[in-house]
4 protein chains.
Amino acid sequence: MTSSRSDGLFSGTFSRGGAAAEVSDAGWLAAMLDAEAGLAAAQAELGLIPAAAAEAIAKACDPGLYDVAELGHRAGPAGNPVIPLVAALRERVEPGLRRFVHSGATSQDINDTAAMLVACRALVPVLADLAACAEACARLAAEHRDAPMAGRTVLQHAVPITFGLKAAGWLSALDRARRRLAGLDLPVQYGGAAGTLSVLDGRGHEVLPRLAADLELAEPVLPWHTDRTPVAELACALGVVSGTLGKIATDVKLLAQTEVAEVAEPQAPGRGGSSAMPHKRNPVGAMSVLACVQRVPGLVASVLAGMVQEHERSAGPWQAEWETLGELLRLTGSAVSWLREVLEGLTVDTDRMRSNLGLTRGLLMAERAVAALGGSPAAREAVDAACARAVSDGTSLREALLTAPGVDLEPAELDAALDPAAHLGSAGVFVDRILGRAG
Amino acid sequence: MTSSRSDGLFSGTFSRGGAAAEVSDAGWLAAMLDAEAGLAAAQAELGLIPAAAAEAIAKACDPGLYDVAELGHRAGPAGNPVIPLVAALRERVEPGLRRFVHSGATSQDINDTAAMLVACRALVPVLADLAACAEACARLAAEHRDAPMAGRTVLQHAVPITFGLKAAGWLSALDRARRRLAGLDLPVQYGGAAGTLSVLDGRGHEVLPRLAADLELAEPVLPWHTDRTPVAELACALGVVSGTLGKIATDVKLLAQTEVAEVAEPQAPGRGGSSAMPHKRNPVGAMSVLACVQRVPGLVASVLAGMVQEHERSAGPWQAEWETLGELLRLTGSAVSWLREVLEGLTVDTDRMRSNLGLTRGLLMAERAVAALGGSPAAREAVDAACARAVSDGTSLREALLTAPGVDLEPAELDAALDPAAHLGSAGVFVDRILGRAG
Amino acid sequence: MTSSRSDGLFSGTFSRGGAAAEVSDAGWLAAMLDAEAGLAAAQAELGLIPAAAAEAIAKACDPGLYDVAELGHRAGPAGNPVIPLVAALRERVEPGLRRFVHSGATSQDINDTAAMLVACRALVPVLADLAACAEACARLAAEHRDAPMAGRTVLQHAVPITFGLKAAGWLSALDRARRRLAGLDLPVQYGGAAGTLSVLDGRGHEVLPRLAADLELAEPVLPWHTDRTPVAELACALGVVSGTLGKIATDVKLLAQTEVAEVAEPQAPGRGGSSAMPHKRNPVGAMSVLACVQRVPGLVASVLAGMVQEHERSAGPWQAEWETLGELLRLTGSAVSWLREVLEGLTVDTDRMRSNLGLTRGLLMAERAVAALGGSPAAREAVDAACARAVSDGTSLREALLTAPGVDLEPAELDAALDPAAHLGSAGVFVDRILGRAG
Amino acid sequence: MTSSRSDGLFSGTFSRGGAAAEVSDAGWLAAMLDAEAGLAAAQAELGLIPAAAAEAIAKACDPGLYDVAELGHRAGPAGNPVIPLVAALRERVEPGLRRFVHSGATSQDINDTAAMLVACRALVPVLADLAACAEACARLAAEHRDAPMAGRTVLQHAVPITFGLKAAGWLSALDRARRRLAGLDLPVQYGGAAGTLSVLDGRGHEVLPRLAADLELAEPVLPWHTDRTPVAELACALGVVSGTLGKIATDVKLLAQTEVAEVAEPQAPGRGGSSAMPHKRNPVGAMSVLACVQRVPGLVASVLAGMVQEHERSAGPWQAEWETLGELLRLTGSAVSWLREVLEGLTVDTDRMRSNLGLTRGLLMAERAVAALGGSPAAREAVDAACARAVSDGTSLREALLTAPGVDLEPAELDAALDPAAHLGSAGVFVDRILGRAG
């Protein structure tokens, strides 16, 4: 029975979205067989093996014919699953054609090519969900372009921003991370035992472009058995995507706090409840995003550390990539799928945003008041003093400034200076810039 | 169908040994149900719930009654698998007793207690395999106590050591790592919604010692919902064990190189072959150890980073532990199981060790020659010069020293000074010390 | 000029506290010289070198005699700083006694022993600051033993807790982390070129206990050149301490949010201001703790990955420890020094805590209401419905329950059920337990 | 006194090359002042501040006027070094123009822009050293295009390759990593207190393109205060470069082993010696590369984890970047500087390579022999049996095959089949491809 990580006890959190299925054992097996069939096809096109062999091999490359548990059992002592898979594949091809199976290849050729296929296939839903997240952010940015809210630095109210600007920042990060992910080079692998393709008598390199074209992967300049750049760059790109997802989820989580209550996640029966507290509506989406992405940096570090490989095939670091790459795709995929749900169904309470703007009784307009008073060091000192007085007396900055020595603004001027909605700077322009670029 | 990581495509490498089964979904489900049953039993002992309820709950806590995939599916939106499990468990208890299921508990109480049970159970085979590794090292150290070989620093021949001393070093590290792992405190969790156990009207803390005793776990001073020290210390201890396993496997891998050939891994049909090279006998055991341990430091870092949790339950970092802890146990367990096989079947070629000692034509005795000449800076200069001459002329250090100006040792004195086996210092004493201590 | 990390541009954040000076170049140089002097003293005690040599060496081991930049410059090509240091030390000893400098030792003996001395010395202020943090937590827990506040899970109000319980949780984690750190074994290193101490003709091991006693370090069973367990366990213990500091700082940071305002950090001129916002009072202490600890898990992973060392001295992983260990001590030390300031000067606003308890209009008493209604599934359904009504109608849980069908509690019974301060379960007992144990 | 990491005890190993100076405190201070001066210049160009102010500010932005230790001391409680720097800068500008210092900016604007400047400047020597490494590899690949050596997989002899192919693989990886590093987008930062630039009354965004042009950095679409993609992508690119350097250094280290001796590092007085072993010539360059790169993955993970930032400025993760980014640049820079020295001075012993090819007595030609016998499973079985016989009898594969049943090759045919130099497949083509592409 094929084991799969998409139907396990913790899969709801960590295996949401389409990537999990692609990195399952079934996904890997299919990719390995596609690599073997693709290799035979490319070699047949070049006349290196008979067309009949390629056909027979293609027919035998049906995942339904293989038993993952059996392969996995033999893979341990063999050192990798391709060795027993090739043996099993040969058994399913008629004896006279068996020599053409896996011709000139080493296990790593198939395993690496399969890894790139798995990655390619897993990235399809990841990129689709990222695009949907970006679209949701664009919608939020457009809808709330001018909705004022507190800008918060070091978790303290700072100056007013707009929710549109916040969503625009999310969108900008998503766009960049997504472009990088979509632009990665994922190459086929084919080098034979140690990268020379010696069994093919000097024609081996001709196979590379055909194999790459057949499998819709990139063609490498030369075999990359111990140059793990393609895997490392993929891991890093997933790491950057995850960081971006985590940033957005953190904002949602913080804005959804009981005390802040400016956004809320979509509700559904069985979603975000608590076994002990019937009233709880947990931001389970943001929480799940954060649970997934918490695990990513350590996995990226593993892949990077594993680039340090010996000679023409390493003893450990290469093998360590297999499951790690799957985890990276699965977790990033799950995070982006969760975030999509959150962003597409996010409830935004602009009234609450506006009312929270008043929590500091005007203090977050202090920078503005300094400017209204001329921006000089003296102005800043006056405002500092007024802020201190407002805090100690429990009054508003407006009151404190009205009675401050040396501050001679009229109440109306002061009201204008202290109106959050009137002092949003370039927020709207930034929103428009990103929407224009993202459009 | 329960998914499990012990029968997958890559399980042969990464899920060897007994830990994998314990951290599988089946292992987690059993542990969660044990936690629920244990809680009910402890509460019944204290008269907090009826004995009949505890009995009914115990009967319903049969893993065979539950569908992991179904639970996992509902766990996603709920936020954790305990929420649907408790619902399913209640359905399997007669209506009048249902209120006593999961009494006073929060999901995290069950999930954390289950994690500690899973860890406890997974550590049994890990510790047994570690003990077997230590025993194998002790045997190697005793058998080869006086077998000289090249000590190698920065991968260059340095001075002679013994294989016994090398094995003693392995043993010493295994002993320390093992003691730490065996001595860890793995506590039950029970704090209710936010650590006060308020539903139990001030008697909740009485449950803790009974629950701990029933489940054979430690009793915490207070609930540790967001104090993740127990998990972090476990992760760290596994990290240290893994580092030690990796060190030993590295030595085996390097000693088994074609050019060194001082040790060889056990052979078996289907073990360590190559799909492309029929003659290959890969050190697949050392390779598998290294593949497993390569993945561990990143996972430990994830757990440590995840200690930074919010308030009374965190949104992300806690959940991120679940699979990570399982991976740490599975990978460390697989590595130690592989190493056990390697060490128990290791072929040691002491003749080759002795002949390799001659590869530098005596240069690795240079430190010794300096001492024989009196140890002064002048002696060192003379030996340095002789070494340089031996290298440039392709001759031996013996020849170079015999003709060196200012070196007036007789040939016999020189031979004595240059005999590796005669200059092993305290190697034997160190072997005896560790065998005595380990015995 | 000696470079030091305690007077740099970012040192205010990352090098606070006493550890930074110990891990500076000056600290390392002093420790290396102490190791050389200690070695000579131990050897003289055993009659292995003349007493006059030990005295001359001790006199030459004055850090003021050496130029760090010069040593560092030569250390690069040599491979480590001990090689040029020993050369420089010999120059400062009269010619006839020079041969007794560094006798029988390899560079790593001195470097590793110095590392353990540096760690030992850096841990003194770290442990003192940890003890002060624990004391501050104990005071907070005692003072606010019964002060109700909202327990927050997944950043949502859950059920009431006390601030005393929260501080007790901090204390419990600090205690455990501190005990581990204080109980570590930090051994001297002395094994000679490859662990046999061959130059000492079989008496080398006798040096170990004396050297350990002289330097107040532990005695290892045998040389641990490539068994990095002591360093790894130290790194892990610092990692666990850091995680605990980060958890506490996170709580402070969240409680100090503008919207929550339940605690505030101590104020001082120039502390926590903003260059752009005169009114800002940033929780700069919690922020600095979090900045430091953010960097720790990756460093711990580096040390763990570096345990995989080759043969008798590794080419890379060992050397990689030097600065990393210093960073771990410096950052953990800075974090704990910052946290001490925060905890010792923390302003706790129990009125605000109590008023925030009302933010959900009683919803956080929902679990309690279920219990008051008998705890049955039907009771839970009734409370769920009331919660939903309270949310949709903007009313309180009290109102919603008073008019709920099937809920027949008197208003007074309901008030009792919904009083947060009356339902704190075992919170007080837990506080007392930890205070008793910590006392 | 300015602290610097380029003249410390461990700097020879970890601070080689030009990057260290750029990331020193002096480098940061200069970059911060350049950012302030650049901001003023850009604002003066737009008429936002008087030209005289920009001139006065430019004059005051002379690093020699500031005391790093003093700034660092104040930076701790302030939260970052820009706050005291701006105060000190204002003091150095005449009172009437002080209000134009740091206009509209927040500390993070200057700190982030400085970080990008520091990175830009540190990358210059890194890229130059990478180019020199690539050139050295290209020369090695061209010179040794057809020099046969053992291909080694899992540290065992596999099939013959050429040293040219190995060097070509190094070159290919270097090229890709270098292109990525050179192509990074490093943007200025300018957003004011919370990203709106509100103080500039809606004209703030006009400053961005001018500031970017002045400082030769990229222009961001909008402020990226809590979108850390630029830093994360830089960290990742450095991580991939480091992995590649580590792979090459590992090959050098392994090829330089006493038992292999196919390459040697350049020698110089004081380079690679041992304090205990006068004959040692350690591969100190490869060792230093590996020491540096060992530390990189954990730092990359720190940066990635730190992307998860709160709202408009984070409390901890942002600050944690400062030193970490410097470490990444310094360590990668040191590693590439070391590798350049190694590659430019590498001694390649092609005779030893050829003689090592015979170590398996022909076994590494086994794959070739299978092909010569027709490539059928039967052929493989025959060769397997001959290999086994060769191993057990201590004879050569040639002898074993000559007497094998069912093998009817003439001795000359067999000699041709077993000649390593005649079976190098596409190795030469691959070398030519990469040289053509790299040229």
# chains A, B, ... in the order shown; residues from 1 in each chain; ligands from 1
>>> residues_around(residues="Cys61 in chain B", least_positions_apart="5", cutoff="7 Å", atoms="only C-alpha atoms", output="PyMOL selection string")
chain B and resi 33-34+37
>>> closest_atom_pairs(of="chain B", to="chain D", cutoff="7 Å", atoms="only C-alpha atoms", output="tab-separated table")
residue	atom	partner	partner_atom	distance
B:Val154	CA	D:Asn282	CA	6.3
B:Leu155	CA	D:Gln257	CA	5.5
B:Gln156	CA	D:Thr258	CA	5.2
B:His157	CA	D:Thr258	CA	6.2
B:Ala158	CA	D:Met277	CA	6.7
B:Gln257	CA	D:Leu155	CA	5.5
B:Thr258	CA	D:Gln156	CA	5.2
B:Glu259	CA	D:Glu259	CA	5.9
B:Val260	CA	D:Glu259	CA	6.3
B:Ala276	CA	D:Glu367	CA	6.4
B:Met277	CA	D:Glu367	CA	5.0
B:Pro278	CA	D:Asp384	CA	5.6
B:His279	CA	D:Cys387	CA	5.8
B:Lys280	CA	D:Ala158	CA	7.0
B:Asn282	CA	D:Val154	CA	6.3
B:Leu363	CA	D:His279	CA	6.1
B:Ala366	CA	D:His279	CA	6.3
B:Glu367	CA	D:Met277	CA	5.1
B:Asp384	CA	D:Pro278	CA	5.5
B:Cys387	CA	D:His279	CA	5.7
>>> select_by_dssp(residues="range 195-300 of chain B", states="helix (DSSP H, G or I)", output="PyMOL selection string")
chain B and resi 198-200+204-215+229-255+284-294+296-300
>>> residues_around(residues="Gly18 in chain A", least_positions_apart="6", cutoff="12 Å", atoms="only C-alpha atoms", output="list in words")
Arg5, Ser6, Ser24, Gly27, Val118, Ala119, Arg121, Ala122, Leu123, Val124, Pro125, Val126, Leu127, Ala128, Asp129, Leu329, Arg330, Leu331, Thr332, Gly333, Ser334, Ala335, Val336, Ser337 and Trp338 of chain A
>>> write_last_selection(atoms="N, CA, C and O atoms", output="tab-separated table (two decimals), in the first residue's frame")
chain	number	residue	atom	x	y	z
A	5	ARG	N	1.46	11.26	2.36
A	5	ARG	CA	1.34	12.19	3.47
A	5	ARG	C	0.15	13.10	3.35
A	5	ARG	O	0.05	14.07	4.06
A	6	SER	N	-0.74	12.84	2.41
A	6	SER	CA	-1.86	13.77	2.29
A	6	SER	C	-3.10	13.26	3.00
A	6	SER	O	-4.13	13.91	2.96
A	24	SER	N	4.13	12.96	-2.83
A	24	SER	CA	3.87	11.67	-2.18
A	24	SER	C	4.68	10.58	-2.89
A	24	SER	O	5.24	10.79	-3.96
A	27	GLY	N	3.59	10.16	-6.33
A	27	GLY	CA	4.13	11.18	-7.21
A	27	GLY	C	5.57	10.89	-7.62
A	27	GLY	O	5.95	11.02	-8.79
A	118	VAL	N	8.97	16.09	-10.06
A	118	VAL	CA	8.10	16.24	-8.88
A	118	VAL	C	7.98	17.72	-8.52
A	118	VAL	O	6.88	18.23	-8.26
A	119	ALA	N	9.11	18.40	-8.53
A	119	ALA	CA	9.10	19.82	-8.17
A	119	ALA	C	8.25	20.62	-9.16
A	119	ALA	O	7.40	21.42	-8.77
A	121	ARG	N	5.84	19.65	-11.03
A	121	ARG	CA	4.42	19.35	-10.90
A	121	ARG	C	3.85	19.95	-9.61
A	121	ARG	O	2.71	20.42	-9.58
A	122	ALA	N	4.64	19.92	-8.55
A	122	ALA	CA	4.15	20.48	-7.29
A	122	ALA	C	4.05	22.00	-7.37
A	122	ALA	O	3.22	22.62	-6.70
A	123	LEU	N	4.91	22.60	-8.21
A	123	LEU	CA	4.87	24.06	-8.30
A	123	LEU	C	3.63	24.57	-9.02
A	123	LEU	O	3.24	25.72	-8.82
A	124	VAL	N	3.00	23.74	-9.82
A	124	VAL	CA	1.79	24.20	-10.54
A	124	VAL	C	0.72	24.69	-9.55
A	124	VAL	O	0.31	25.85	-9.61
A	125	PRO	N	0.29	23.85	-8.61
A	125	PRO	CA	-0.71	24.38	-7.66
A	125	PRO	C	-0.14	25.47	-6.74
A	125	PRO	O	-0.87	26.38	-6.35
A	126	VAL	N	1.13	25.38	-6.41
A	126	VAL	CA	1.71	26.41	-5.55
A	126	VAL	C	1.63	27.77	-6.25
A	126	VAL	O	1.20	28.78	-5.66
A	127	LEU	N	2.01	27.79	-7.51
A	127	LEU	CA	1.98	29.06	-8.24
A	127	LEU	C	0.55	29.54	-8.46
A	127	LEU	O	0.28	30.75	-8.41
A	128	ALA	N	-0.36	28.62	-8.66
A	128	ALA	CA	-1.76	29.02	-8.83
A	128	ALA	C	-2.30	29.63	-7.54
A	128	ALA	O	-2.99	30.66	-7.56
A	129	ASP	N	-1.98	29.01	-6.42
A	129	ASP	CA	-2.45	29.56	-5.15
A	129	ASP	C	-1.77	30.89	-4.84
A	129	ASP	O	-2.39	31.80	-4.27
A	329	LEU	N	8.29	21.50	-0.50
A	329	LEU	CA	7.20	21.75	-1.44
A	329	LEU	C	5.84	21.58	-0.75
A	329	LEU	O	4.92	22.38	-0.94
A	330	ARG	N	5.74	20.54	0.04
A	330	ARG	CA	4.48	20.26	0.74
A	330	ARG	C	4.13	21.38	1.71
A	330	ARG	O	2.99	21.88	1.72
A	331	LEU	N	5.10	21.82	2.51
A	331	LEU	CA	4.82	22.82	3.54
A	331	LEU	C	4.55	24.19	2.92
A	331	LEU	O	3.64	24.91	3.35
A	332	THR	N	5.36	24.56	1.93
A	332	THR	CA	5.10	25.84	1.27
A	332	THR	C	3.75	25.78	0.58
A	332	THR	O	2.97	26.74	0.63
A	333	GLY	N	3.48	24.67	-0.07
A	333	GLY	CA	2.20	24.51	-0.75
A	333	GLY	C	1.03	24.59	0.21
A	333	GLY	O	0.00	25.22	-0.07
A	334	SER	N	1.17	23.96	1.36
A	334	SER	CA	0.08	24.00	2.33
A	334	SER	C	-0.10	25.43	2.86
A	334	SER	O	-1.23	25.92	2.98
A	335	ALA	N	1.00	26.08	3.13
A	335	ALA	CA	0.92	27.45	3.66
A	335	ALA	C	0.21	28.37	2.66
A	335	ALA	O	-0.65	29.17	3.05
A	336	VAL	N	0.55	28.25	1.40
A	336	VAL	CA	-0.04	29.17	0.43
A	336	VAL	C	-1.51	28.84	0.20
A	336	VAL	O	-2.35	29.73	0.00
A	337	SER	N	-1.83	27.57	0.29
A	337	SER	CA	-3.23	27.19	0.15
A	337	SER	C	-4.06	27.74	1.32
A	337	SER	O	-5.18	28.25	1.15
A	338	TRP	N	-3.53	27.63	2.52
A	338	TRP	CA	-4.20	28.21	3.69
A	338	TRP	C	-4.33	29.73	3.55
A	338	TRP	O	-5.38	30.30	3.85
>>> residues_around(residues="Val300 in chain A", least_positions_apart="5", cutoff="12 Å", atoms="only C-alpha atoms", output="PyMOL selection string")
(chain A and resi 231-243+293-295+305-307+320-321+324-329+331-332) or (chain B and resi 295+297-299+301-302) or (chain C and resi 298) or (chain D and resi 232+235-236+239-240+296-305)
>>> atom_distance(atom1="CA of Pro84 in chain B", atom2="CA of Arg361 in chain C")
28.2 Å
>>> residues_around(residues="range 346-353 of chain D", least_positions_apart="5", cutoff="8 Å", atoms="only C-alpha atoms", output="PyMOL selection string")
chain D and resi 147-150+261-266
>>> atom_distance(atom1="CA of Ala31 in chain D", atom2="CA of Leu208 in chain D")
17.2 Å
>>> atom_distance(atom1="CA of Ala56 in chain D", atom2="CA of Leu29 in chain D")
18.1 Å
>>> decode(residues="range 404-422 of chain D", atoms="N, CA, C and O atoms", output="PDB file, in the first residue's frame")
ATOM      1  N   ALA D 404      37.225 -16.516 -17.473  1.00  0.00           N
ATOM      2  CA  ALA D 404      35.815 -16.692 -17.108  1.00  0.00           C
ATOM      3  C   ALA D 404      35.089 -17.532 -18.157  1.00  0.00           C
ATOM      4  O   ALA D 404      35.310 -17.355 -19.352  1.00  0.00           O
ATOM      5  N   PRO D 405      34.221 -18.436 -17.711  1.00  0.00           N
ATOM      6  CA  PRO D 405      33.418 -19.221 -18.666  1.00  0.00           C
ATOM      7  C   PRO D 405      32.467 -18.303 -19.412  1.00  0.00           C
ATOM      8  O   PRO D 405      31.881 -17.379 -18.813  1.00  0.00           O
ATOM      9  N   GLY D 406      32.352 -18.496 -20.692  1.00  0.00           N
ATOM     10  CA  GLY D 406      31.394 -17.721 -21.478  1.00  0.00           C
ATOM     11  C   GLY D 406      31.872 -16.346 -21.873  1.00  0.00           C
ATOM     12  O   GLY D 406      31.130 -15.591 -22.490  1.00  0.00           O
ATOM     13  N   VAL D 407      33.078 -16.000 -21.516  1.00  0.00           N
ATOM     14  CA  VAL D 407      33.611 -14.712 -21.955  1.00  0.00           C
ATOM     15  C   VAL D 407      34.614 -15.003 -23.074  1.00  0.00           C
ATOM     16  O   VAL D 407      35.695 -15.544 -22.820  1.00  0.00           O
ATOM     17  N   ASP D 408      34.225 -14.691 -24.304  1.00  0.00           N
ATOM     18  CA  ASP D 408      35.160 -15.026 -25.373  1.00  0.00           C
ATOM     19  C   ASP D 408      35.697 -13.789 -26.093  1.00  0.00           C
ATOM     20  O   ASP D 408      35.563 -13.639 -27.296  1.00  0.00           O
ATOM     21  N   LEU D 409      36.293 -12.904 -25.279  1.00  0.00           N
ATOM     22  CA  LEU D 409      36.994 -11.768 -25.874  1.00  0.00           C
ATOM     23  C   LEU D 409      38.469 -12.124 -26.014  1.00  0.00           C
ATOM     24  O   LEU D 409      39.044 -12.787 -25.152  1.00  0.00           O
ATOM     25  N   GLU D 410      39.070 -11.670 -27.101  1.00  0.00           N
ATOM     26  CA  GLU D 410      40.521 -11.809 -27.255  1.00  0.00           C
ATOM     27  C   GLU D 410      41.214 -10.904 -26.235  1.00  0.00           C
ATOM     28  O   GLU D 410      40.672  -9.850 -25.882  1.00  0.00           O
ATOM     29  N   PRO D 411      42.420 -11.245 -25.805  1.00  0.00           N
ATOM     30  CA  PRO D 411      43.157 -10.371 -24.879  1.00  0.00           C
ATOM     31  C   PRO D 411      43.235  -8.928 -25.380  1.00  0.00           C
ATOM     32  O   PRO D 411      43.065  -7.988 -24.592  1.00  0.00           O
ATOM     33  N   ALA D 412      43.458  -8.730 -26.664  1.00  0.00           N
ATOM     34  CA  ALA D 412      43.574  -7.359 -27.171  1.00  0.00           C
ATOM     35  C   ALA D 412      42.240  -6.619 -27.056  1.00  0.00           C
ATOM     36  O   ALA D 412      42.182  -5.447 -26.690  1.00  0.00           O
ATOM     37  N   GLU D 413      41.179  -7.347 -27.393  1.00  0.00           N
ATOM     38  CA  GLU D 413      39.846  -6.739 -27.231  1.00  0.00           C
ATOM     39  C   GLU D 413      39.617  -6.373 -25.769  1.00  0.00           C
ATOM     40  O   GLU D 413      39.092  -5.312 -25.443  1.00  0.00           O
ATOM     41  N   LEU D 414      40.023  -7.282 -24.926  1.00  0.00           N
ATOM     42  CA  LEU D 414      39.833  -7.056 -23.497  1.00  0.00           C
ATOM     43  C   LEU D 414      40.664  -5.850 -23.041  1.00  0.00           C
ATOM     44  O   LEU D 414      40.173  -4.985 -22.302  1.00  0.00           O
ATOM     45  N   ASP D 415      41.915  -5.798 -23.491  1.00  0.00           N
ATOM     46  CA  ASP D 415      42.752  -4.653 -23.112  1.00  0.00           C
ATOM     47  C   ASP D 415      42.114  -3.348 -23.572  1.00  0.00           C
ATOM     48  O   ASP D 415      42.099  -2.352 -22.832  1.00  0.00           O
ATOM     49  N   ALA D 416      41.588  -3.361 -24.775  1.00  0.00           N
ATOM     50  CA  ALA D 416      40.923  -2.158 -25.277  1.00  0.00           C
ATOM     51  C   ALA D 416      39.724  -1.811 -24.394  1.00  0.00           C
ATOM     52  O   ALA D 416      39.485  -0.651 -24.049  1.00  0.00           O
ATOM     53  N   ALA D 417      38.975  -2.855 -24.033  1.00  0.00           N
ATOM     54  CA  ALA D 417      37.772  -2.609 -23.220  1.00  0.00           C
ATOM     55  C   ALA D 417      38.140  -2.083 -21.844  1.00  0.00           C
ATOM     56  O   ALA D 417      37.372  -1.332 -21.232  1.00  0.00           O
ATOM     57  N   LEU D 418      39.308  -2.484 -21.359  1.00  0.00           N
ATOM     58  CA  LEU D 418      39.667  -2.138 -19.986  1.00  0.00           C
ATOM     59  C   LEU D 418      40.587  -0.924 -19.897  1.00  0.00           C
ATOM     60  O   LEU D 418      41.046  -0.578 -18.805  1.00  0.00           O
ATOM     61  N   ASP D 419      40.839  -0.251 -21.003  1.00  0.00           N
ATOM     62  CA  ASP D 419      41.710   0.928 -20.968  1.00  0.00           C
ATOM     63  C   ASP D 419      40.911   2.157 -20.530  1.00  0.00           C
ATOM     64  O   ASP D 419      40.044   2.638 -21.254  1.00  0.00           O
ATOM     65  N   PRO D 420      41.206   2.700 -19.358  1.00  0.00           N
ATOM     66  CA  PRO D 420      40.423   3.842 -18.857  1.00  0.00           C
ATOM     67  C   PRO D 420      40.418   5.011 -19.828  1.00  0.00           C
ATOM     68  O   PRO D 420      39.374   5.626 -20.072  1.00  0.00           O
ATOM     69  N   ALA D 421      41.560   5.297 -20.404  1.00  0.00           N
ATOM     70  CA  ALA D 421      41.665   6.496 -21.237  1.00  0.00           C
ATOM     71  C   ALA D 421      40.840   6.381 -22.512  1.00  0.00           C
ATOM     72  O   ALA D 421      40.551   7.388 -23.159  1.00  0.00           O
ATOM     73  N   ALA D 422      40.454   5.176 -22.848  1.00  0.00           N
ATOM     74  CA  ALA D 422      39.697   4.991 -24.091  1.00  0.00           C
ATOM     75  C   ALA D 422      38.196   5.061 -23.855  1.00  0.00           C
ATOM     76  O   ALA D 422      37.418   4.932 -24.794  1.00  0.00           O
TER      77      ALA D 422
END
